[in-house]
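Take a look at the structure set out below.
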Amino acid sequence: MCGRFVQTPIRDADARAFPQLVGDLLSMPPSYNLAPTQRATVVLDRGEGLIAQRLAWGLLPFWAKAKGLQGSTINARIETVATKPAFRSAFKARRCLIPMAGYYEWSVSADDGKKDPWFIHAATPLWAAGLWEDSSKLLGEDNLGTFTVITGDSSGVSADLHDRMPVWLAPGQAEEWMKADADGAMAMLLASEPPAMEAYRVSRAVNTPRNDTEALLEAV
């Protein structure tokens with residue numbers, strides 16, 4: 001599962017993979033503790049080329065009757081993303097990438113039984129495979145849409161903390177990922193090779209979503 005993640009402006013070589021989005025990626029609002037229903041920057045294609053937009057986390061399909069559904073659609077499992085009613089339409093035609101500076105997972109402290117957050121990251125920005133839906137009448141008038149993060153089995157340091165993690169793609173795969181048919185898109189997910197990642201424990205302040213400062217990334 002991916003339940004919290006971090007976004008910061010992208011200044012490295014990854015930005016050059018999106019020449020039309022360099023300005024958007026450089027000016028991306030930093031968020032150090034993104035939680036479900038909050039807005040994040042997502043790279044998608046509405047039919048006229050790649051764009052970066054701020055969408056709400058938690059997919060709301062057109063038939064959703066309550067925004068509370070977002071609580072169960074922040075992640076889409078690779079095993080059922082092509083068939084589950086909430087995701088199958090978006091999987092066919094509305095795929096995206098979600099840039100992440102890293103994400104959080106938790107372990108349970110042997111000392112007091114409370115949850116300790118860990119920051120999982122790589123040497124360069126991570127790009128999670130995702131799906132998006134257009135603006136929803138269930139949200140505010142200024143909303144541009146919603147998204148979900150596709151997850152699969154964990155590996156590496158992530159596997160020590162949780163059995164699921166986002167499915168990662170390379171930025172250079174963006175256009176192929178968004179234009180492929182459903183079978184091609186699934187083949188890309190199954191062939192995904194996660195980058196080498198590191199993890200370190202951070203403050204329990206992460207456990208409260210309203211806390212959102214760069215200090216949350218400091219190791220403890």
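Numbering starts fresh at 1 for the residues of each chain in the structure tokens, the chains themselves are lettered A, B, ... in the order given, and ligands are numbered from 1 as they appear.
Around Cys96 (chain A), within 7 Å and counting only C-alpha atoms, the residues found are Val42, Val43, Leu44, Ala129, Gly130, Leu131, Trp132 and Met178 of chain A, once anything fewer than 3 positions away on its own chain is removed.
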**OP:** Excluding region 99-114 of chain A and residues on its chain fewer than 5 positions from it, collect all residues at most 10 Å away from it, counting only C-alpha atoms, and give them as a VMD selection string.
**Re:** chain A and resid 1 to 10 14 25 30 to 34 40 to 43 119 to 129 158 160 to 162 164 to 166 168 171 197 to 202 204 206 to 207 217
Saved selection, atoms kept: N, CA and C atoms, as a compact mmCIF listing (two decimals), in the first residue's frame:
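Wrote again13.txt, looks like this:
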# COMPACT_ATOMS: atom_id res chain seq x y z
N MET A 1 0.84 -1.20 0.00
CA MET A 1 0.00 0.00 0.00
C MET A 1 0.87 1.24 0.00
N CYS A 2 0.39 2.27 -0.66
CA CYS A 2 1.03 3.59 -0.59
C CYS A 2 -0.01 4.54 -0.01
N GLY A 3 0.19 4.99 1.24
CA GLY A 3 -0.79 5.82 1.91
C GLY A 3 -0.34 7.23 2.19
N ARG A 4 0.93 7.51 2.03
CA ARG A 4 1.48 8.87 2.16
C ARG A 4 2.69 8.96 1.24
N PHE A 5 2.89 10.10 0.60
CA PHE A 5 4.10 10.27 -0.19
C PHE A 5 4.53 11.72 -0.21
N VAL A 6 5.67 11.95 -0.82
CA VAL A 6 6.31 13.27 -0.83
C VAL A 6 6.50 13.72 -2.27
N GLN A 7 6.21 14.98 -2.53
CA GLN A 7 6.52 15.61 -3.81
C GLN A 7 7.33 16.87 -3.57
N THR A 8 8.40 17.04 -4.32
CA THR A 8 9.21 18.25 -4.27
C THR A 8 9.56 18.63 -5.71
N PRO A 9 9.91 19.89 -5.96
CA PRO A 9 10.27 20.31 -7.32
C PRO A 9 11.36 19.41 -7.91
N ILE A 10 11.22 19.08 -9.18
CA ILE A 10 12.16 18.18 -9.86
C ILE A 10 13.15 19.01 -10.66
N ASP A 14 15.65 14.00 -14.77
CA ASP A 14 14.32 13.50 -15.05
C ASP A 14 13.43 14.58 -15.66
N LEU A 25 7.46 21.12 -13.59
CA LEU A 25 8.13 20.23 -12.63
C LEU A 25 9.04 21.02 -11.69
N PRO A 30 5.92 21.91 -3.15
CA PRO A 30 6.41 20.83 -2.29
C PRO A 30 5.35 20.38 -1.30
N SER A 31 5.23 19.09 -1.12
CA SER A 31 4.37 18.51 -0.10
C SER A 31 5.14 17.37 0.54
N TYR A 32 5.34 17.45 1.83
CA TYR A 32 6.18 16.48 2.53
C TYR A 32 5.39 15.39 3.24
N ASN A 33 4.06 15.45 3.09
CA ASN A 33 3.23 14.48 3.80
C ASN A 33 1.87 14.36 3.10
N LEU A 34 1.91 14.08 1.81
CA LEU A 34 0.67 14.00 1.03
C LEU A 34 -0.20 12.84 1.51
N ALA A 40 -2.23 16.44 -5.61
CA ALA A 40 -0.83 16.20 -5.96
C ALA A 40 -0.65 16.47 -7.45
N THR A 41 0.60 16.70 -7.85
CA THR A 41 0.91 16.91 -9.26
C THR A 41 0.98 15.58 -9.97
N VAL A 42 0.27 15.47 -11.08
CA VAL A 42 0.18 14.24 -11.86
C VAL A 42 0.48 14.56 -13.32
N VAL A 43 1.27 13.72 -13.98
CA VAL A 43 1.56 13.89 -15.40
C VAL A 43 0.60 13.00 -16.19
N PHE A 119 10.92 6.70 5.73
CA PHE A 119 10.92 7.37 4.44
C PHE A 119 11.69 6.51 3.44
N ILE A 120 11.02 6.09 2.38
CA ILE A 120 11.61 5.24 1.35
C ILE A 120 11.82 6.08 0.10
N HIS A 121 13.03 6.06 -0.44
CA HIS A 121 13.35 6.95 -1.55
C HIS A 121 14.48 6.36 -2.38
N ALA A 122 14.76 6.99 -3.51
CA ALA A 122 15.86 6.58 -4.40
C ALA A 122 16.75 7.78 -4.65
N ALA A 123 17.82 7.57 -5.39
CA ALA A 123 18.76 8.65 -5.66
C ALA A 123 18.17 9.71 -6.59
N THR A 124 17.17 9.31 -7.38
CA THR A 124 16.49 10.23 -8.29
C THR A 124 14.99 10.13 -8.05
N PRO A 125 14.21 11.05 -8.59
CA PRO A 125 12.75 10.99 -8.38
C PRO A 125 12.17 9.66 -8.84
N LEU A 126 11.13 9.24 -8.15
CA LEU A 126 10.39 8.03 -8.48
C LEU A 126 9.15 8.41 -9.29
N TRP A 127 8.75 7.52 -10.20
CA TRP A 127 7.58 7.79 -11.04
C TRP A 127 6.62 6.61 -10.91
N ALA A 128 5.55 6.82 -10.18
CA ALA A 128 4.58 5.76 -9.94
C ALA A 128 3.56 5.68 -11.06
N ALA A 129 3.25 4.47 -11.50
CA ALA A 129 2.19 4.28 -12.48
C ALA A 129 0.85 4.53 -11.80
N SER A 158 11.70 -1.88 0.76
CA SER A 158 10.26 -1.73 0.97
C SER A 158 9.65 -3.01 1.52
N ASP A 160 10.78 -5.01 3.59
CA ASP A 160 11.01 -5.16 5.02
C ASP A 160 9.92 -4.47 5.84
N LEU A 161 9.18 -3.56 5.20
CA LEU A 161 8.20 -2.75 5.91
C LEU A 161 6.76 -3.06 5.52
N HIS A 162 6.54 -3.43 4.27
CA HIS A 162 5.18 -3.69 3.79
C HIS A 162 5.25 -4.62 2.58
N ARG A 164 3.37 -4.42 -0.07
CA ARG A 164 2.96 -3.75 -1.29
C ARG A 164 3.76 -2.46 -1.46
N MET A 165 3.96 -2.06 -2.72
CA MET A 165 4.57 -0.77 -3.01
C MET A 165 4.09 -0.30 -4.38
N PRO A 166 4.26 0.98 -4.71
CA PRO A 166 3.87 1.45 -6.04
C PRO A 166 4.64 0.71 -7.13
N TRP A 168 6.70 1.13 -10.34
CA TRP A 168 7.49 2.25 -10.86
C TRP A 168 7.74 2.10 -12.35
N PRO A 171 10.61 7.72 -16.50
CA PRO A 171 9.96 8.88 -17.12
C PRO A 171 9.90 8.78 -18.64
N MET A 197 16.48 1.44 -3.75
CA MET A 197 15.93 2.41 -2.82
C MET A 197 16.54 2.25 -1.43
N GLU A 198 16.44 3.31 -0.65
CA GLU A 198 16.91 3.31 0.72
C GLU A 198 15.76 3.71 1.63
N ALA A 199 15.88 3.37 2.90
CA ALA A 199 14.84 3.73 3.87
C ALA A 199 15.48 4.12 5.19
N TYR A 200 14.93 5.11 5.85
CA TYR A 200 15.37 5.46 7.19
C TYR A 200 14.16 5.95 7.98
N ARG A 201 14.24 5.78 9.30
CA ARG A 201 13.13 6.14 10.17
C ARG A 201 13.05 7.65 10.34
N VAL A 202 11.82 8.17 10.37
CA VAL A 202 11.61 9.60 10.53
C VAL A 202 10.64 9.85 11.70
N ARG A 204 7.57 10.68 14.19
CA ARG A 204 6.16 10.28 14.24
C ARG A 204 5.23 11.44 13.91
N VAL A 206 4.95 12.57 11.15
CA VAL A 206 4.37 12.17 9.87
C VAL A 206 2.99 11.54 10.06
N ASN A 207 2.75 10.94 11.20
CA ASN A 207 1.49 10.24 11.43
C ASN A 207 0.28 11.17 11.42
N LEU A 217 11.43 14.98 6.83
CA LEU A 217 12.35 14.08 6.12
C LEU A 217 13.64 13.82 6.88
**OP:** Could you give me, as a ChimeraX atom specification, each residue of region 103-169 of chain A that DSSP assigns to helix (DSSP H, G or I) when run on this structure's backbone?
**Re:** /A:156-160
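Omitting Phe18 (chain A) and its sequence neighbours fewer than 2 positions away, and counting only C-alpha atoms, the residues within 12 Å are A:Ile10, A:Arg11, A:Asp12, A:Ala13, A:Asp14, A:Ala15, A:Arg16, A:Gln20, A:Leu21, A:Val22, A:Gly23, A:Asp24, A:Leu25, A:Leu26, A:Val43, A:Leu44, A:Gly49, A:Leu50, A:Ile51, A:Ala52, A:Leu97, A:Ala170, A:Pro171, A:Gly172, A:Gln173, A:Ala174, A:Glu175.
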Suppose we keep N, CA and C atoms; can you now write the selection as a short mmCIF file (atom, residue, chain, number, x, y, z; two decimals), in the first residue's frame?
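Now in selection-v6.cif:
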data_model
loop_
_atom_site.label_atom_id
_atom_site.label_comp_id
_atom_site.auth_asym_id
_atom_site.auth_seq_id
_atom_site.Cartn_x
_atom_site.Cartn_y
_atom_site.Cartn_z
N ILE A 10 11.22 19.08 -9.18
CA ILE A 10 12.16 18.18 -9.86
C ILE A 10 13.15 19.01 -10.66
N ARG A 11 14.42 18.91 -10.27
CA ARG A 11 15.45 19.72 -10.91
C ARG A 11 16.52 18.89 -11.60
N ASP A 12 16.42 17.56 -11.51
CA ASP A 12 17.49 16.73 -12.06
C ASP A 12 17.19 16.34 -13.51
N ALA A 13 17.91 15.38 -14.01
CA ALA A 13 17.79 14.99 -15.41
C ALA A 13 16.39 14.47 -15.76
N ASP A 14 15.65 14.00 -14.77
CA ASP A 14 14.32 13.50 -15.05
C ASP A 14 13.43 14.58 -15.66
N ALA A 15 13.64 15.82 -15.27
CA ALA A 15 12.82 16.90 -15.81
C ALA A 15 13.02 17.04 -17.31
N ARG A 16 14.21 16.73 -17.79
CA ARG A 16 14.49 16.86 -19.22
C ARG A 16 13.81 15.79 -20.04
N GLN A 20 8.48 19.68 -22.39
CA GLN A 20 7.35 20.60 -22.34
C GLN A 20 6.86 20.87 -20.92
N LEU A 21 7.39 20.12 -19.96
CA LEU A 21 6.91 20.24 -18.58
C LEU A 21 7.99 20.71 -17.61
N VAL A 22 9.15 21.09 -18.15
CA VAL A 22 10.26 21.47 -17.26
C VAL A 22 9.84 22.55 -16.27
N GLY A 23 9.15 23.57 -16.76
CA GLY A 23 8.72 24.65 -15.87
C GLY A 23 7.75 24.17 -14.81
N ASP A 24 6.81 23.32 -15.21
CA ASP A 24 5.83 22.80 -14.25
C ASP A 24 6.49 21.94 -13.18
N LEU A 25 7.46 21.12 -13.59
CA LEU A 25 8.13 20.23 -12.63
C LEU A 25 9.04 21.02 -11.69
N LEU A 26 9.65 22.09 -12.21
CA LEU A 26 10.49 22.93 -11.37
C LEU A 26 9.68 23.72 -10.35
N VAL A 43 1.27 13.72 -13.98
CA VAL A 43 1.56 13.89 -15.40
C VAL A 43 0.60 13.00 -16.19
N LEU A 44 -0.17 13.62 -17.09
CA LEU A 44 -1.17 12.89 -17.85
C LEU A 44 -1.31 13.48 -19.25
N GLY A 49 -1.23 16.00 -25.71
CA GLY A 49 0.14 15.94 -25.24
C GLY A 49 0.23 15.95 -23.73
N LEU A 50 1.42 15.69 -23.22
CA LEU A 50 1.61 15.59 -21.78
C LEU A 50 1.43 16.93 -21.09
N ILE A 51 0.74 16.88 -19.96
CA ILE A 51 0.56 18.06 -19.12
C ILE A 51 0.73 17.64 -17.66
N ALA A 52 0.98 18.60 -16.79
CA ALA A 52 1.05 18.36 -15.35
C ALA A 52 -0.12 19.09 -14.70
N LEU A 97 1.36 9.23 -14.67
CA LEU A 97 2.52 9.03 -13.82
C LEU A 97 2.45 10.03 -12.67
N ALA A 170 9.82 4.29 -15.76
CA ALA A 170 10.82 5.31 -16.07
C ALA A 170 10.13 6.49 -16.73
N PRO A 171 10.61 7.72 -16.50
CA PRO A 171 9.96 8.88 -17.12
C PRO A 171 9.90 8.78 -18.64
N GLY A 172 10.90 8.14 -19.24
CA GLY A 172 10.91 7.98 -20.69
C GLY A 172 9.81 7.07 -21.21
N GLN A 173 9.13 6.36 -20.31
CA GLN A 173 8.04 5.46 -20.71
C GLN A 173 6.68 6.15 -20.68
N ALA A 174 6.65 7.42 -20.34
CA ALA A 174 5.38 8.11 -20.10
C ALA A 174 4.41 8.02 -21.28
N GLU A 175 4.87 8.42 -22.45
CA GLU A 175 3.95 8.44 -23.60
C GLU A 175 3.51 7.03 -24.00
#
Subject >> For Val220 (chain A), the nearest of the candidates A:Glu79, A:Glu133, A:Glu141, A:Asp116, counting only C-alpha atoms >> reply: A:Asp116
**OP:** Measure the distance from CA of Pro117 (chain A) to CA of Ala35 (chain A) in Å and round it to one decimal.
**Re:** 13.7 Å
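Separating CA of Phe87 (chain A) from CA of Asn75 (chain A) is a distance of 9.9 Å.
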**OP:** Compile the contact shell of region 135-138 of chain A as an NGL selection string: residues with an atom at most 8 Å away, counting only C-alpha atoms, same-chain residues fewer than 4 positions apart removed.
**Re:** :A and (60 or 62 or 65-67 or 143-146)
Subject >> strand (DSSP E or B) residues, from DSSP on the backbone, in region 77-211 of chain A, as a PyMOL selection string >> reply: chain A and resi 77+95-100+102-108+115-122+126-134+145-153+164-166+168+197-202
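CA of Ala205 (chain A) is positioned 25.8 Å from CA of Ser27 (chain A).
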Which residues, written as a compact mmCIF listing (two decimals) with all heavy atoms, in the first residue's frame, have at least one atom at most 12 Å from Ala185 (chain A), with only C-alpha atoms counted and residues fewer than 3 positions away on the same chain left out?
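Once everything was written out, this is out.txt:
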# COMPACT_ATOMS: atom_id res chain seq x y z
N ILE A 78 -2.32 -4.18 -8.91
CA ILE A 78 -1.98 -4.62 -10.26
C ILE A 78 -2.77 -5.88 -10.65
O ILE A 78 -3.14 -6.06 -11.81
CB ILE A 78 -0.46 -4.87 -10.40
CG1 ILE A 78 -0.08 -5.12 -11.87
CG2 ILE A 78 0.01 -6.00 -9.53
CD1 ILE A 78 1.42 -5.23 -12.07
N VAL A 81 -6.48 -4.32 -11.34
CA VAL A 81 -6.68 -2.98 -11.89
C VAL A 81 -7.43 -3.00 -13.22
O VAL A 81 -8.16 -2.05 -13.54
CB VAL A 81 -5.33 -2.25 -12.03
CG1 VAL A 81 -4.44 -2.92 -13.08
CG2 VAL A 81 -5.54 -0.77 -12.37
N ALA A 82 -7.26 -4.06 -14.00
CA ALA A 82 -7.91 -4.12 -15.32
C ALA A 82 -9.35 -4.59 -15.25
O ALA A 82 -10.08 -4.47 -16.24
CB ALA A 82 -7.11 -5.03 -16.25
N ALA A 90 -10.72 3.49 -16.45
CA ALA A 90 -9.54 4.35 -16.45
C ALA A 90 -8.32 3.58 -16.94
O ALA A 90 -7.46 4.15 -17.63
CB ALA A 90 -9.29 4.91 -15.06
N PHE A 91 -8.23 2.29 -16.60
CA PHE A 91 -7.07 1.53 -17.03
C PHE A 91 -7.01 1.43 -18.55
O PHE A 91 -5.93 1.39 -19.14
CB PHE A 91 -7.07 0.13 -16.41
CG PHE A 91 -5.85 -0.68 -16.73
CD1 PHE A 91 -4.63 -0.34 -16.19
CD2 PHE A 91 -5.92 -1.75 -17.61
CE1 PHE A 91 -3.48 -1.06 -16.49
CE2 PHE A 91 -4.78 -2.48 -17.92
CZ PHE A 91 -3.55 -2.12 -17.37
N LYS A 92 -8.15 1.39 -19.20
CA LYS A 92 -8.18 1.29 -20.65
C LYS A 92 -7.72 2.58 -21.33
O LYS A 92 -7.13 2.53 -22.40
CB LYS A 92 -9.60 0.95 -21.12
CG LYS A 92 -10.05 -0.46 -20.77
CD LYS A 92 -11.48 -0.69 -21.24
CE LYS A 92 -11.97 -2.08 -20.86
NZ LYS A 92 -13.39 -2.30 -21.26
N ALA A 93 -7.98 3.73 -20.72
CA ALA A 93 -7.79 4.97 -21.47
C ALA A 93 -7.20 6.15 -20.70
O ALA A 93 -6.83 7.14 -21.31
CB ALA A 93 -9.14 5.41 -22.07
N ARG A 94 -7.11 6.08 -19.38
CA ARG A 94 -6.68 7.25 -18.61
C ARG A 94 -5.58 6.85 -17.61
O ARG A 94 -5.84 6.64 -16.44
CB ARG A 94 -7.87 7.90 -17.89
CG ARG A 94 -8.84 8.58 -18.85
CD ARG A 94 -10.03 9.16 -18.14
NE ARG A 94 -10.86 8.14 -17.51
CZ ARG A 94 -11.73 7.38 -18.16
NH1 ARG A 94 -11.90 7.51 -19.46
NH2 ARG A 94 -12.46 6.47 -17.51
N ARG A 95 -4.38 6.73 -18.13
CA ARG A 95 -3.23 6.36 -17.30
C ARG A 95 -2.35 7.58 -17.09
O ARG A 95 -2.33 8.50 -17.91
CB ARG A 95 -2.44 5.23 -17.95
CG ARG A 95 -3.29 4.00 -18.22
CD ARG A 95 -2.50 2.87 -18.86
NE ARG A 95 -3.42 2.10 -19.71
CZ ARG A 95 -3.42 2.13 -21.03
NH1 ARG A 95 -2.49 2.85 -21.67
NH2 ARG A 95 -4.30 1.44 -21.71
N CYS A 96 -1.60 7.58 -16.00
CA CYS A 96 -0.77 8.74 -15.67
C CYS A 96 0.49 8.29 -14.94
O CYS A 96 0.67 7.11 -14.62
CB CYS A 96 -1.56 9.73 -14.80
SG CYS A 96 -2.10 9.04 -13.20
N ALA A 129 3.25 4.47 -11.50
CA ALA A 129 2.19 4.28 -12.48
C ALA A 129 0.85 4.53 -11.80
O ALA A 129 0.62 4.11 -10.67
CB ALA A 129 2.24 2.86 -13.04
N GLY A 130 -0.03 5.24 -12.51
CA GLY A 130 -1.33 5.53 -11.92
C GLY A 130 -2.42 5.66 -12.96
O GLY A 130 -2.18 5.51 -14.17
N LEU A 131 -3.63 5.91 -12.48
CA LEU A 131 -4.80 6.14 -13.32
C LEU A 131 -5.46 7.44 -12.89
O LEU A 131 -5.30 7.87 -11.74
CB LEU A 131 -5.82 5.00 -13.17
CG LEU A 131 -5.33 3.57 -13.31
CD1 LEU A 131 -6.47 2.60 -13.00
CD2 LEU A 131 -4.77 3.31 -14.70
N ILE A 150 -1.04 2.73 -8.72
CA ILE A 150 -1.05 1.28 -8.93
C ILE A 150 0.03 0.64 -8.06
O ILE A 150 1.18 1.11 -8.05
CB ILE A 150 -0.84 0.94 -10.41
CG1 ILE A 150 -1.98 1.54 -11.25
CG2 ILE A 150 -0.78 -0.58 -10.61
CD1 ILE A 150 -1.79 1.37 -12.75
N LEU A 169 7.66 3.21 -13.07
CA LEU A 169 8.03 3.26 -14.47
C LEU A 169 9.10 4.33 -14.65
O LEU A 169 9.28 5.20 -13.78
CB LEU A 169 6.82 3.58 -15.35
CG LEU A 169 5.70 2.52 -15.37
CD1 LEU A 169 4.54 3.02 -16.20
CD2 LEU A 169 6.21 1.19 -15.91
N GLN A 173 9.13 6.36 -20.31
CA GLN A 173 8.04 5.46 -20.71
C GLN A 173 6.68 6.15 -20.68
O GLN A 173 5.67 5.53 -20.99
CB GLN A 173 7.99 4.25 -19.78
CG GLN A 173 9.19 3.32 -19.86
CD GLN A 173 9.07 2.17 -18.88
OE1 GLN A 173 9.20 2.35 -17.66
NE2 GLN A 173 8.79 0.98 -19.40
N ALA A 174 6.65 7.42 -20.34
CA ALA A 174 5.38 8.11 -20.10
C ALA A 174 4.41 8.02 -21.28
O ALA A 174 3.26 7.58 -21.13
CB ALA A 174 5.63 9.57 -19.75
N GLU A 175 4.87 8.42 -22.45
CA GLU A 175 3.95 8.44 -23.60
C GLU A 175 3.51 7.03 -24.00
O GLU A 175 2.34 6.82 -24.32
CB GLU A 175 4.61 9.18 -24.76
CG GLU A 175 4.81 10.66 -24.48
CD GLU A 175 5.18 11.44 -25.72
OE1 GLU A 175 5.01 10.92 -26.84
OE2 GLU A 175 5.63 12.59 -25.58
N GLU A 176 4.43 6.08 -23.96
CA GLU A 176 4.07 4.70 -24.27
C GLU A 176 3.04 4.18 -23.28
O GLU A 176 2.06 3.52 -23.66
CB GLU A 176 5.31 3.81 -24.27
CG GLU A 176 5.03 2.35 -24.60
CD GLU A 176 6.26 1.46 -24.48
OE1 GLU A 176 7.34 1.97 -24.11
OE2 GLU A 176 6.12 0.24 -24.73
N TRP A 177 3.24 4.46 -22.00
CA TRP A 177 2.34 4.02 -20.94
C TRP A 177 0.93 4.57 -21.16
O TRP A 177 -0.06 3.87 -20.99
CB TRP A 177 2.90 4.45 -19.59
CG TRP A 177 1.98 4.45 -18.42
CD1 TRP A 177 1.64 5.52 -17.65
CD2 TRP A 177 1.30 3.32 -17.83
NE1 TRP A 177 0.78 5.14 -16.63
CE2 TRP A 177 0.58 3.79 -16.72
CE3 TRP A 177 1.26 1.96 -18.14
CZ2 TRP A 177 -0.19 2.97 -15.92
CZ3 TRP A 177 0.48 1.13 -17.34
CH2 TRP A 177 -0.23 1.63 -16.25
N MET A 178 0.84 5.81 -21.58
CA MET A 178 -0.47 6.44 -21.72
C MET A 178 -1.17 6.09 -23.03
O MET A 178 -2.40 6.14 -23.12
CB MET A 178 -0.33 7.96 -21.58
CG MET A 178 0.11 8.37 -20.18
SD MET A 178 0.48 10.12 -20.05
CE MET A 178 1.58 10.11 -18.62
N LYS A 179 -0.42 5.71 -24.04
CA LYS A 179 -1.01 5.43 -25.36
C LYS A 179 -1.22 3.94 -25.62
O LYS A 179 -1.95 3.57 -26.54
CB LYS A 179 -0.13 6.02 -26.45
CG LYS A 179 -0.10 7.55 -26.46
CD LYS A 179 0.80 8.07 -27.57
CE LYS A 179 0.81 9.60 -27.57
NZ LYS A 179 1.72 10.14 -28.63
N ALA A 180 -0.60 3.08 -24.84
CA ALA A 180 -0.71 1.63 -25.08
C ALA A 180 -2.14 1.15 -24.89
O ALA A 180 -2.95 1.77 -24.18
CB ALA A 180 0.22 0.88 -24.13
N ASP A 181 -2.47 0.02 -25.53
CA ASP A 181 -3.76 -0.59 -25.24
C ASP A 181 -3.65 -1.28 -23.88
O ASP A 181 -2.59 -1.32 -23.25
CB ASP A 181 -4.19 -1.55 -26.35
CG ASP A 181 -3.23 -2.73 -26.56
OD1 ASP A 181 -2.41 -3.01 -25.66
OD2 ASP A 181 -3.30 -3.36 -27.62
N ALA A 182 -4.76 -1.83 -23.41
CA ALA A 182 -4.79 -2.41 -22.07
C ALA A 182 -3.77 -3.54 -21.91
O ALA A 182 -3.09 -3.63 -20.88
CB ALA A 182 -6.19 -2.90 -21.73
N MET A 188 3.69 -3.59 -19.51
CA MET A 188 4.64 -2.63 -18.95
C MET A 188 4.69 -2.73 -17.43
O MET A 188 5.76 -2.68 -16.82
CB MET A 188 4.28 -1.21 -19.39
CG MET A 188 4.45 -0.96 -20.87
SD MET A 188 4.02 0.74 -21.35
CE MET A 188 5.40 1.65 -20.60
N LEU A 189 3.54 -2.87 -16.81
CA LEU A 189 3.50 -2.99 -15.35
C LEU A 189 4.23 -4.25 -14.89
O LEU A 189 5.01 -4.22 -13.93
CB LEU A 189 2.06 -3.03 -14.86
CG LEU A 189 1.21 -1.78 -15.05
CD1 LEU A 189 -0.21 -2.02 -14.55
CD2 LEU A 189 1.82 -0.57 -14.36
N LEU A 190 3.97 -5.35 -15.57
CA LEU A 190 4.56 -6.63 -15.17
C LEU A 190 6.07 -6.65 -15.40
O LEU A 190 6.80 -7.38 -14.72
CB LEU A 190 3.90 -7.78 -15.92
CG LEU A 190 2.42 -8.00 -15.60
CD1 LEU A 190 1.83 -9.07 -16.51
CD2 LEU A 190 2.23 -8.38 -14.13
N ALA A 191 6.55 -5.85 -16.35
CA ALA A 191 7.98 -5.81 -16.65
C ALA A 191 8.72 -4.74 -15.83
O ALA A 191 9.93 -4.59 -15.96
CB ALA A 191 8.19 -5.53 -18.14
N SER A 192 7.99 -4.03 -14.98
CA SER A 192 8.60 -2.95 -14.20
C SER A 192 9.77 -3.44 -13.35
O SER A 192 9.68 -4.48 -12.68
CB SER A 192 7.54 -2.33 -13.28
OG SER A 192 8.12 -1.46 -12.33
